[in-house]
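So this one's protein26.cif, mmCIF, C-alpha atoms and all ligand atoms:
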```cif
data_protein
#
loop_
_atom_site.label_atom_id
_atom_site.label_comp_id
_atom_site.auth_asym_id
_atom_site.auth_seq_id
_atom_site.Cartn_x
_atom_site.Cartn_y
_atom_site.Cartn_z
CA MET A 1266 41.84 -196.53 -37.67
CA THR A 1267 41.51 -199.75 -35.69
CA PRO A 1268 44.04 -201.83 -33.81
CA GLY A 1269 45.82 -204.23 -36.17
CA LEU A 1270 43.52 -207.20 -36.66
CA ILE A 1271 44.25 -210.47 -34.84
CA ASP A 1272 43.36 -213.93 -36.11
CA CYS A 1273 43.46 -216.03 -32.93
CA HIS A 1274 42.65 -219.50 -34.36
CA THR A 1275 44.22 -220.88 -37.56
CA HIS A 1276 45.56 -224.15 -38.93
CA LEU A 1277 47.66 -222.31 -41.50
CA ILE A 1278 50.34 -224.93 -42.18
CA PHE A 1279 49.27 -227.96 -44.21
CA ALA A 1280 49.70 -229.65 -47.57
CA GLY A 1281 47.17 -231.20 -49.94
CA ASP A 1282 43.77 -230.28 -51.15
CA ARG A 1283 40.31 -231.21 -49.85
CA SER A 1284 38.09 -229.99 -52.69
CA ARG A 1285 36.97 -233.55 -53.51
CA GLU A 1286 35.66 -233.84 -49.95
CA PHE A 1287 33.79 -230.57 -50.51
CA GLU A 1288 32.08 -232.16 -53.52
CA LEU A 1289 31.18 -235.27 -51.48
CA ARG A 1290 29.66 -233.14 -48.75
CA LEU A 1291 27.57 -231.31 -51.34
CA GLU A 1292 26.39 -234.72 -52.50
CA GLY A 1293 25.23 -235.54 -48.97
CA ALA A 1294 28.12 -237.16 -47.04
CA SER A 1295 28.55 -235.99 -43.42
CA TYR A 1296 31.84 -234.83 -41.85
CA GLU A 1297 31.83 -237.92 -39.59
CA GLU A 1298 31.32 -240.25 -42.61
CA ILE A 1299 34.16 -238.58 -44.48
CA ALA A 1300 36.39 -238.74 -41.39
CA ARG A 1301 35.65 -242.42 -40.80
CA ALA A 1302 36.37 -243.19 -44.49
CA GLY A 1303 39.91 -241.78 -44.17
CA GLY A 1304 39.11 -238.29 -45.41
CA GLY A 1305 39.04 -235.17 -43.32
CA ILE A 1306 42.00 -234.56 -41.04
CA ALA A 1307 43.56 -237.96 -41.93
CA ALA A 1308 43.86 -236.98 -45.61
CA THR A 1309 45.65 -233.74 -44.71
CA VAL A 1310 47.92 -235.59 -42.29
CA ALA A 1311 49.03 -237.96 -45.07
CA ALA A 1312 49.72 -235.07 -47.47
CA THR A 1313 51.50 -233.00 -44.80
CA ARG A 1314 53.77 -235.89 -43.76
CA ASP A 1315 54.81 -236.29 -47.43
CA ALA A 1316 55.44 -232.61 -48.06
CA GLY A 1317 58.84 -230.94 -47.87
CA ALA A 1318 59.52 -227.91 -45.69
CA ASP A 1319 59.60 -225.53 -48.68
CA GLU A 1320 56.20 -226.70 -49.91
CA LEU A 1321 54.67 -226.33 -46.45
CA LEU A 1322 56.22 -222.91 -45.91
CA GLY A 1323 55.20 -221.67 -49.37
CA GLY A 1324 51.58 -222.71 -48.92
CA ALA A 1325 51.38 -221.18 -45.44
CA LEU A 1326 52.96 -217.90 -46.57
CA ALA A 1327 50.45 -217.59 -49.42
CA ARG A 1328 47.61 -217.87 -46.91
CA LEU A 1329 49.34 -215.61 -44.40
CA ASP A 1330 49.75 -212.92 -47.07
CA ARG A 1331 45.96 -212.88 -47.57
CA LEU A 1332 45.51 -212.18 -43.85
CA ILE A 1333 48.23 -209.52 -43.84
CA ALA A 1334 46.55 -207.82 -46.82
CA GLU A 1335 43.51 -207.31 -44.57
CA GLY A 1336 45.46 -205.63 -41.79
CA VAL A 1337 46.25 -208.63 -39.59
CA THR A 1338 49.28 -207.92 -37.36
CA THR A 1339 49.07 -210.95 -35.00
CA VAL A 1340 48.13 -214.50 -35.93
CA GLU A 1341 47.92 -217.80 -34.07
CA VAL A 1342 49.15 -220.90 -35.93
CA LYS A 1343 48.53 -224.48 -34.79
CA SER A 1344 50.38 -227.70 -35.59
CA GLY A 1345 48.23 -230.83 -35.74
CA TYR A 1346 48.68 -232.32 -39.22
CA GLY A 1347 51.82 -234.29 -38.37
CA LEU A 1348 50.59 -236.41 -35.45
CA ASN A 1349 54.02 -237.91 -34.85
CA ALA A 1350 56.98 -236.44 -33.03
CA GLU A 1351 59.08 -235.70 -36.09
CA VAL A 1352 56.45 -233.92 -38.18
CA GLU A 1353 54.77 -232.11 -35.29
CA LEU A 1354 58.15 -230.64 -34.28
CA ARG A 1355 58.78 -229.66 -37.91
CA LEU A 1356 55.40 -227.88 -38.09
CA LEU A 1357 56.09 -225.99 -34.84
CA ALA A 1358 59.46 -224.83 -36.19
CA LEU A 1359 57.82 -223.75 -39.47
CA ALA A 1360 55.17 -221.81 -37.55
CA ARG A 1361 57.91 -219.89 -35.71
CA ARG A 1362 59.65 -219.29 -39.06
CA LEU A 1363 56.52 -217.64 -40.50
CA GLY A 1364 57.05 -214.80 -38.03
CA ARG A 1365 60.58 -214.26 -39.32
CA CYS A 1366 59.48 -214.32 -42.99
CA ARG A 1367 56.87 -211.58 -42.63
CA GLU A 1368 56.22 -208.48 -40.47
CA ILE A 1369 53.73 -210.22 -38.20
CA ASP A 1370 53.61 -211.67 -34.69
CA VAL A 1371 52.97 -215.41 -34.73
CA LEU A 1372 51.78 -217.31 -31.66
CA VAL A 1373 52.42 -221.03 -31.96
CA THR A 1374 50.04 -223.66 -30.59
CA PHE A 1375 50.75 -227.38 -30.24
CA LEU A 1376 47.73 -229.36 -31.46
CA GLY A 1377 49.17 -232.86 -31.32
CA ALA A 1378 45.78 -234.01 -29.99
CA HIS A 1379 43.99 -233.08 -33.22
CA ALA A 1380 43.19 -236.64 -34.34
CA VAL A 1381 44.32 -240.18 -33.55
CA PRO A 1382 47.12 -241.00 -36.02
CA PRO A 1383 46.87 -244.23 -38.06
CA GLU A 1384 49.75 -245.76 -36.03
CA PHE A 1385 47.55 -245.55 -32.92
CA ALA A 1386 44.21 -246.57 -34.49
CA GLY A 1387 42.05 -247.96 -31.67
CA ASP A 1388 44.54 -246.79 -29.04
CA PRO A 1389 43.98 -243.09 -28.43
CA GLU A 1390 45.21 -243.54 -24.84
CA GLY A 1391 48.56 -244.76 -26.12
CA TYR A 1392 48.86 -241.70 -28.33
CA ILE A 1393 47.98 -239.34 -25.48
CA ASP A 1394 50.67 -241.09 -23.41
CA LEU A 1395 53.20 -240.45 -26.19
CA LEU A 1396 52.27 -236.75 -26.27
CA ARG A 1397 52.53 -236.46 -22.49
CA ARG A 1398 55.70 -238.50 -22.03
CA ASP A 1399 57.80 -237.64 -25.06
CA LEU A 1400 56.54 -234.52 -26.78
CA LEU A 1401 55.21 -232.08 -24.20
CA PRO A 1402 58.34 -232.07 -21.98
CA GLN A 1403 60.55 -231.50 -25.03
CA ILE A 1404 58.28 -228.75 -26.34
CA ALA A 1405 58.12 -227.02 -22.96
CA ALA A 1406 61.88 -227.23 -22.37
CA GLY A 1407 62.61 -225.83 -25.84
CA GLY A 1408 60.12 -222.95 -25.57
CA LEU A 1409 58.68 -224.14 -28.87
CA VAL A 1410 55.06 -223.11 -28.26
CA ASP A 1411 52.85 -220.51 -26.64
CA ALA A 1412 49.94 -222.88 -25.85
CA VAL A 1413 48.61 -226.44 -26.10
CA ASP A 1414 45.30 -227.27 -27.82
CA GLY A 1415 43.15 -230.38 -28.26
CA PHE A 1416 40.11 -231.56 -30.22
CA CYS A 1417 37.51 -232.84 -27.77
CA GLU A 1418 34.85 -234.58 -29.83
CA GLY A 1419 33.41 -238.00 -30.69
CA ILE A 1420 35.74 -238.11 -33.73
CA GLY A 1421 38.60 -236.56 -31.73
CA PHE A 1422 39.56 -237.19 -28.10
CA SER A 1423 37.37 -237.87 -25.07
CA PRO A 1424 37.17 -235.44 -22.15
CA GLY A 1425 39.15 -237.93 -20.03
CA GLN A 1426 41.97 -238.06 -22.58
CA ILE A 1427 42.08 -234.27 -22.91
CA ARG A 1428 42.08 -233.96 -19.11
CA ARG A 1429 45.21 -236.09 -18.86
CA LEU A 1430 46.91 -234.11 -21.64
CA PHE A 1431 46.02 -230.77 -20.08
CA GLY A 1432 47.17 -231.95 -16.65
CA THR A 1433 50.65 -232.53 -18.08
CA ALA A 1434 50.60 -229.27 -20.05
CA ARG A 1435 49.68 -227.20 -17.00
CA ALA A 1436 52.28 -228.99 -14.86
CA LEU A 1437 54.82 -227.86 -17.47
CA LYS A 1438 53.41 -224.31 -17.20
CA LEU A 1439 52.00 -224.33 -20.72
CA PRO A 1440 48.67 -222.52 -21.18
CA VAL A 1441 45.87 -224.51 -22.82
CA LYS A 1442 42.91 -223.90 -25.13
CA LEU A 1443 40.36 -226.32 -26.55
CA HIS A 1444 38.27 -227.16 -29.64
CA ALA A 1445 35.09 -227.62 -27.63
CA ASP A 1446 31.47 -228.60 -28.21
CA GLN A 1447 31.58 -228.13 -32.00
CA LEU A 1448 29.54 -231.16 -33.10
CA SER A 1449 28.14 -232.36 -29.77
CA ASN A 1450 28.07 -231.32 -26.13
CA LEU A 1451 30.85 -233.25 -24.38
CA HIS A 1452 31.07 -230.38 -21.85
CA GLY A 1453 34.29 -229.17 -23.41
CA ALA A 1454 33.64 -225.63 -22.18
CA GLU A 1455 33.68 -226.83 -18.53
CA LEU A 1456 36.76 -228.92 -19.23
CA ALA A 1457 38.57 -225.89 -20.70
CA ALA A 1458 37.52 -223.77 -17.71
CA GLU A 1459 38.75 -226.44 -15.27
CA PHE A 1460 42.28 -225.83 -16.61
CA SER A 1461 41.87 -222.02 -16.78
CA ALA A 1462 42.11 -222.24 -20.56
CA LEU A 1463 42.91 -219.08 -22.51
CA SER A 1464 39.99 -219.89 -24.80
CA ALA A 1465 37.36 -222.47 -25.69
CA ASP A 1466 36.70 -222.47 -29.41
CA HIS A 1467 33.64 -223.32 -31.59
CA LEU A 1468 31.06 -223.87 -28.75
CA GLU A 1469 28.03 -224.50 -30.98
CA HIS A 1470 26.70 -227.09 -28.49
CA THR A 1471 27.80 -225.40 -25.25
CA ASP A 1472 25.06 -225.03 -22.66
CA GLU A 1473 24.44 -222.51 -19.88
CA ALA A 1474 26.57 -224.45 -17.35
CA GLY A 1475 29.47 -224.32 -19.79
CA VAL A 1476 29.08 -220.58 -20.24
CA ARG A 1477 29.01 -220.04 -16.47
CA SER A 1478 32.18 -222.03 -15.96
CA MET A 1479 33.95 -220.02 -18.69
CA ARG A 1480 32.89 -216.84 -16.96
CA ARG A 1481 34.40 -218.05 -13.68
CA SER A 1482 37.72 -219.03 -15.26
CA GLY A 1483 38.02 -215.97 -17.51
CA THR A 1484 38.14 -218.20 -20.60
CA VAL A 1485 37.47 -216.39 -23.90
CA ALA A 1486 34.85 -217.80 -26.30
CA VAL A 1487 36.37 -217.99 -29.77
CA LEU A 1488 33.60 -218.12 -32.37
CA LEU A 1489 34.40 -219.63 -35.76
CA PRO A 1490 31.66 -218.75 -38.24
CA GLY A 1491 33.75 -219.88 -41.23
CA ALA A 1492 33.48 -223.52 -40.15
CA PHE A 1493 29.78 -223.08 -39.32
CA TYR A 1494 29.20 -221.64 -42.81
CA CYS A 1495 31.29 -224.19 -44.72
CA MET A 1496 29.81 -227.15 -42.81
CA ARG A 1497 26.31 -225.73 -43.25
CA GLU A 1498 25.72 -226.16 -39.53
CA THR A 1499 22.42 -225.01 -38.11
CA ARG A 1500 23.11 -224.78 -34.39
CA CYS A 1501 24.67 -221.46 -33.38
CA PRO A 1502 26.90 -220.93 -30.35
CA PRO A 1503 25.03 -219.51 -27.31
CA VAL A 1504 25.84 -215.87 -28.08
CA GLU A 1505 23.05 -214.39 -25.97
CA SER A 1506 24.12 -216.42 -22.95
CA LEU A 1507 27.80 -215.54 -23.47
CA ARG A 1508 26.82 -211.87 -23.67
CA GLU A 1509 24.56 -212.06 -20.63
CA HIS A 1510 27.28 -213.67 -18.52
CA GLY A 1511 29.96 -211.28 -19.77
CA VAL A 1512 32.14 -213.94 -21.40
CA PRO A 1513 34.45 -212.17 -23.88
CA MET A 1514 33.86 -213.24 -27.48
CA ALA A 1515 36.57 -213.38 -30.14
CA VAL A 1516 36.08 -214.17 -33.82
CA ALA A 1517 38.63 -216.06 -35.96
CA THR A 1518 38.99 -217.67 -39.40
CA ASP A 1519 39.84 -221.26 -38.27
CA CYS A 1520 41.72 -221.29 -41.61
CA ASN A 1521 42.15 -224.97 -42.49
CA PRO A 1522 42.02 -227.07 -45.66
CA GLY A 1523 38.71 -228.83 -45.01
CA THR A 1524 36.08 -227.33 -42.78
CA SER A 1525 37.02 -223.64 -43.04
CA PRO A 1526 39.16 -222.84 -46.09
CA VAL A 1527 38.92 -219.17 -45.21
CA THR A 1528 41.70 -216.55 -45.34
CA SER A 1529 39.56 -213.46 -44.75
CA LEU A 1530 38.95 -212.08 -41.27
CA LEU A 1531 36.69 -209.42 -42.83
CA PHE A 1532 34.48 -212.18 -44.25
CA VAL A 1533 34.20 -213.96 -40.90
CA MET A 1534 33.22 -210.69 -39.23
CA ASN A 1535 30.32 -210.47 -41.66
CA ALA A 1536 29.42 -214.12 -41.03
CA ALA A 1537 29.62 -213.63 -37.24
CA ALA A 1538 27.17 -210.76 -37.54
CA LEU A 1539 24.69 -212.39 -39.91
CA GLN A 1540 24.86 -216.01 -38.69
CA PHE A 1541 25.57 -215.62 -34.97
CA GLY A 1542 23.97 -212.23 -34.36
CA LEU A 1543 27.04 -210.33 -33.18
CA THR A 1544 26.87 -206.55 -33.29
CA VAL A 1545 29.35 -204.52 -35.33
CA GLY A 1546 31.10 -203.54 -32.10
CA GLU A 1547 31.37 -207.19 -31.04
CA CYS A 1548 32.80 -208.18 -34.44
CA LEU A 1549 35.44 -205.44 -34.29
CA ALA A 1550 36.31 -206.19 -30.64
CA GLY A 1551 36.30 -209.91 -31.49
CA THR A 1552 39.09 -209.49 -34.05
CA THR A 1553 41.13 -207.03 -31.94
CA ARG A 1554 40.78 -206.71 -28.15
CA GLU A 1555 39.14 -210.07 -27.42
CA ALA A 1556 41.35 -211.93 -29.90
CA ALA A 1557 44.38 -210.50 -28.08
CA ARG A 1558 42.86 -211.64 -24.79
CA ALA A 1559 42.30 -215.14 -26.24
CA LEU A 1560 46.03 -215.31 -27.00
CA GLY A 1561 47.13 -213.93 -23.63
CA ARG A 1562 48.55 -210.85 -25.41
CA LEU A 1563 46.18 -208.12 -24.27
CA GLY A 1564 49.07 -206.43 -22.47
CA GLU A 1565 50.90 -205.93 -25.78
CA THR A 1566 48.32 -205.45 -28.53
CA GLY A 1567 44.60 -205.54 -29.40
CA THR A 1568 43.76 -201.97 -28.37
CA ILE A 1569 45.22 -198.54 -29.14
CA GLU A 1570 46.71 -197.46 -25.81
CA PRO A 1571 49.93 -195.93 -24.52
CA GLY A 1572 52.50 -198.57 -23.69
CA LYS A 1573 51.23 -201.17 -26.14
CA TRP A 1574 52.74 -202.12 -29.46
CA CYS A 1575 51.74 -199.68 -32.20
CA ASP A 1576 49.78 -202.21 -34.27
CA LEU A 1577 47.27 -200.37 -36.45
CA ALA A 1578 45.08 -200.84 -39.48
CA ILE A 1579 43.96 -197.73 -41.35
CA TRP A 1580 40.86 -198.13 -43.50
CA ASP A 1581 39.42 -196.20 -46.42
CA VAL A 1582 35.84 -196.24 -45.08
CA GLU A 1583 33.38 -193.65 -43.76
CA ARG A 1584 32.12 -195.77 -40.86
CA PRO A 1585 33.56 -198.83 -39.07
CA ALA A 1586 30.35 -200.76 -39.80
CA GLU A 1587 31.40 -200.93 -43.47
CA LEU A 1588 34.15 -203.37 -42.46
CA VAL A 1589 31.50 -205.80 -41.24
CA GLN A 1590 28.69 -205.06 -43.69
CA ARG A 1591 30.46 -205.37 -47.02
CA ILE A 1592 31.51 -208.72 -48.52
CA GLY A 1593 34.52 -209.25 -50.79
CA PHE A 1594 35.63 -205.70 -50.02
CA ASN A 1595 39.05 -204.92 -48.62
CA PRO A 1596 39.45 -201.20 -47.88
CA LEU A 1597 42.81 -201.47 -46.07
CA PHE A 1598 44.73 -198.23 -46.64
CA ALA A 1599 47.76 -198.94 -44.47
CA ARG A 1600 48.96 -201.50 -41.95
CA ILE A 1601 51.39 -200.61 -39.19
CA ARG A 1602 53.05 -203.30 -37.12
CA ARG A 1603 55.05 -202.32 -34.03
CA GLY A 1604 55.24 -198.76 -35.30
CA ARG A 1605 56.48 -199.63 -38.77
ZN ZN B 1 40.31 -225.28 -35.45
#
```

Representation of the structure as structure tokens:
Amino acid sequence: MTPGLIDCHTHLIFAGDRSREFELRLEGASYEEIARAGGGIAATVAATRDAGADELLGGALARLDRLIAEGVTTVEVKSGYGLNAEVELRLLALARRLGRCREIDVLVTFLGAHAVPPEFAGDPEGYIDLLRRDLLPQIAAGGLVDAVDGFCEGIGFSPGQIRRLFGTARALKLPVKLHADQLSNLHGAELAAEFSALSADHLEHTDEAGVRSMRRSGTVAVLLPGAFYCMRETRCPPVESLREHGVPMAVATDCNPGTSPVTSLLFVMNAAALQFGLTVGECLAGTTREAARALGRLGETGTIEPGKWCDLAIWDVERPAELVQRIGFNPLFARIRRGR
């Protein structure tokens, strides 16, 4: 028996299909080339804006059911494929609805700063201003989200733009987290730490200074081996340094239509072990205790302790290591969420 599993980083709600992009990447195109040619996030944004609520909900529930079938009792869901006020608000409402459609706790994250929308091409500052002026106050007042996220990268937003966004979010008492240092080292880990972020996620290019600043701020490192695997990246996050400095490490699917079309937390545990060198104990803690910590929910779930929610997964295995070792194997015997 383990605590119910927790997937602390997903982009579960989207429309469209990115398998053509997968073929192009196999033929040699880079993620940046695809992004600059209108593929990548932009393609999913176009499809998501066109989709109706039923289509979006149906697709997300199908993916959510795969996670639930592996014993997941808490999941984080980000917006970020609308990139305008109307569709972002619709995605946030749909994310909340997922938690009423299934026996699962859903934490909702606003990722308006996922990419620069076509309406603001060449004017990312103008878009950040829109998020800060119009959207964040409305979102905070309505209690629509549990956290605010951003994509700090050459093809996303600069550290200066994220800093302005996070300044507004924190002033509105919204916790933050960041897609940091995935493709290059823009010192996203330090930036996240500066705002006492719940987590900094990806971190393939984070250096020692970044790790130290995360340690000081208590920011959790969320490792995403699904994206690393699907993008055939070669540079691993600094696991030894994170371990040495005592930075908690969580592991998540990053479920999204392009760079990590993954709906198995058991698979990413295996990938975290084999690609990043995590131990079995770290993989299990990374999808339970540390994932709860990354969501600010360690007081409620993530460990089996008196006073917490009774979120459990019961497995038909001889040893816990089987959950990490075996691939394409789902030995879930029973899943209990809040005692039921
Ligand atoms: Zn992500």

Inset, instruction - Return as a ChimeraX atom specification every polymer residue, whether protein, DNA or RNA, with at least one atom no more than 8 Å from an atom of ligand ZN 1 (chain B); count only C-alpha atoms and all ligand atoms. - result: /A:1274-1276,1444,1466-1467,1519-1521

Just to be explicit: take each residue in the selection above, keep C-alpha atoms, and write the result as a PDB file, in the coordinates of the input.
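This went into again-v5.pdb:
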```pdb
ATOM      1  CA  HIS A1274      42.650-219.500 -34.360  1.00  0.00           C
ATOM      2  CA  THR A1275      44.220-220.880 -37.560  1.00  0.00           C
ATOM      3  CA  HIS A1276      45.560-224.150 -38.930  1.00  0.00           C
ATOM      4  CA  HIS A1444      38.270-227.160 -29.640  1.00  0.00           C
ATOM      5  CA  ASP A1466      36.700-222.470 -29.410  1.00  0.00           C
ATOM      6  CA  HIS A1467      33.640-223.320 -31.590  1.00  0.00           C
ATOM      7  CA  ASP A1519      39.840-221.260 -38.270  1.00  0.00           C
ATOM      8  CA  CYS A1520      41.720-221.290 -41.610  1.00  0.00           C
ATOM      9  CA  ASN A1521      42.150-224.970 -42.490  1.00  0.00           C
TER      10      ASN A1521
END
```

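Shortest separation to Glu1298 (chain A) among A:Ile1333, A:Ala1316, A:Gly1364, A:Ile1420 occurs at residue A:Ile1420, atoms counted being only C-alpha atoms.
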
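All residues that come within 12 Å of the coordinates (31.3, -217.5, -15.5), counting only C-alpha atoms, are given as Ala1454, Glu1455, Ala1458, Glu1459, Ser1461, Glu1473, Ala1474, Gly1475, Val1476, Arg1477, Ser1478, Met1479, Arg1480, Arg1481, Ser1482, Gly1483, Thr1484, Val1485, Ala1486, Ser1506, Leu1507, Arg1508, Glu1509, His1510, Gly1511, Val1512 and Pro1513 of chain A.
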
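Of the listed residues (A:Trp1574, A:Ala1405, A:Val1381, A:Tyr1346), A:Trp1574 comes nearest to Arg1605 (chain A); the distances count all atoms listed in the file.
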
Inset, instruction - Fewer than 2 positions away in the same chain doesn't count, so skip those; otherwise give me all residues within 8 Å of Pro1502 (chain A), counting only C-alpha atoms, as number ranges by chain. - result: A: 1467-1471, 1488, 1500, 1504, 1541

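What separates CA of Asp1370 (chain A) from CA of Leu1354 (chain A) is a distance of 19.5 Å.
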
Applying 6 Å and only C-alpha atoms, which residues near region 1586-1590 of chain A remain after dropping the ones on its own chain fewer than 5 positions away? List them as a CSV table (one decimal) with C-alpha atoms, keeping the file's coordinate frame.
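out.csv, written as the output of this step:
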```csv
chain,number,residue,atom,x,y,z
A,1534,MET,CA,33.2,-210.7,-39.2
A,1535,ASN,CA,30.3,-210.5,-41.7
A,1545,VAL,CA,29.4,-204.5,-35.3
```

Inset, instruction - Might you pull out every residue within 7 Å of Gly1347 (chain A), with only C-alpha atoms counted and same-chain residues fewer than 3 positions away left off, and present them as an MDAnalysis selection string? - result: chainID A and resid 1310 1313:1314 1352:1353

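In this structure, CA of Leu1489 (chain A) sits 10.6 Å away from CA of Thr1524 (chain A).
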
Legend entry - Residues near Gly1305 (chain A), cut-off 12 Å, only C-alpha atoms, skip fewer than 2 positions along chain, as JSON, numbers by chain: {"A": [1281, 1282, 1283, 1284, 1285, 1286, 1287, 1289, 1290, 1294, 1295, 1296, 1297, 1298, 1299, 1300, 1301, 1302, 1303, 1307, 1308, 1309, 1310, 1311, 1312, 1346, 1379, 1380, 1420, 1421, 1521, 1522, 1523, 1524, 1525]}
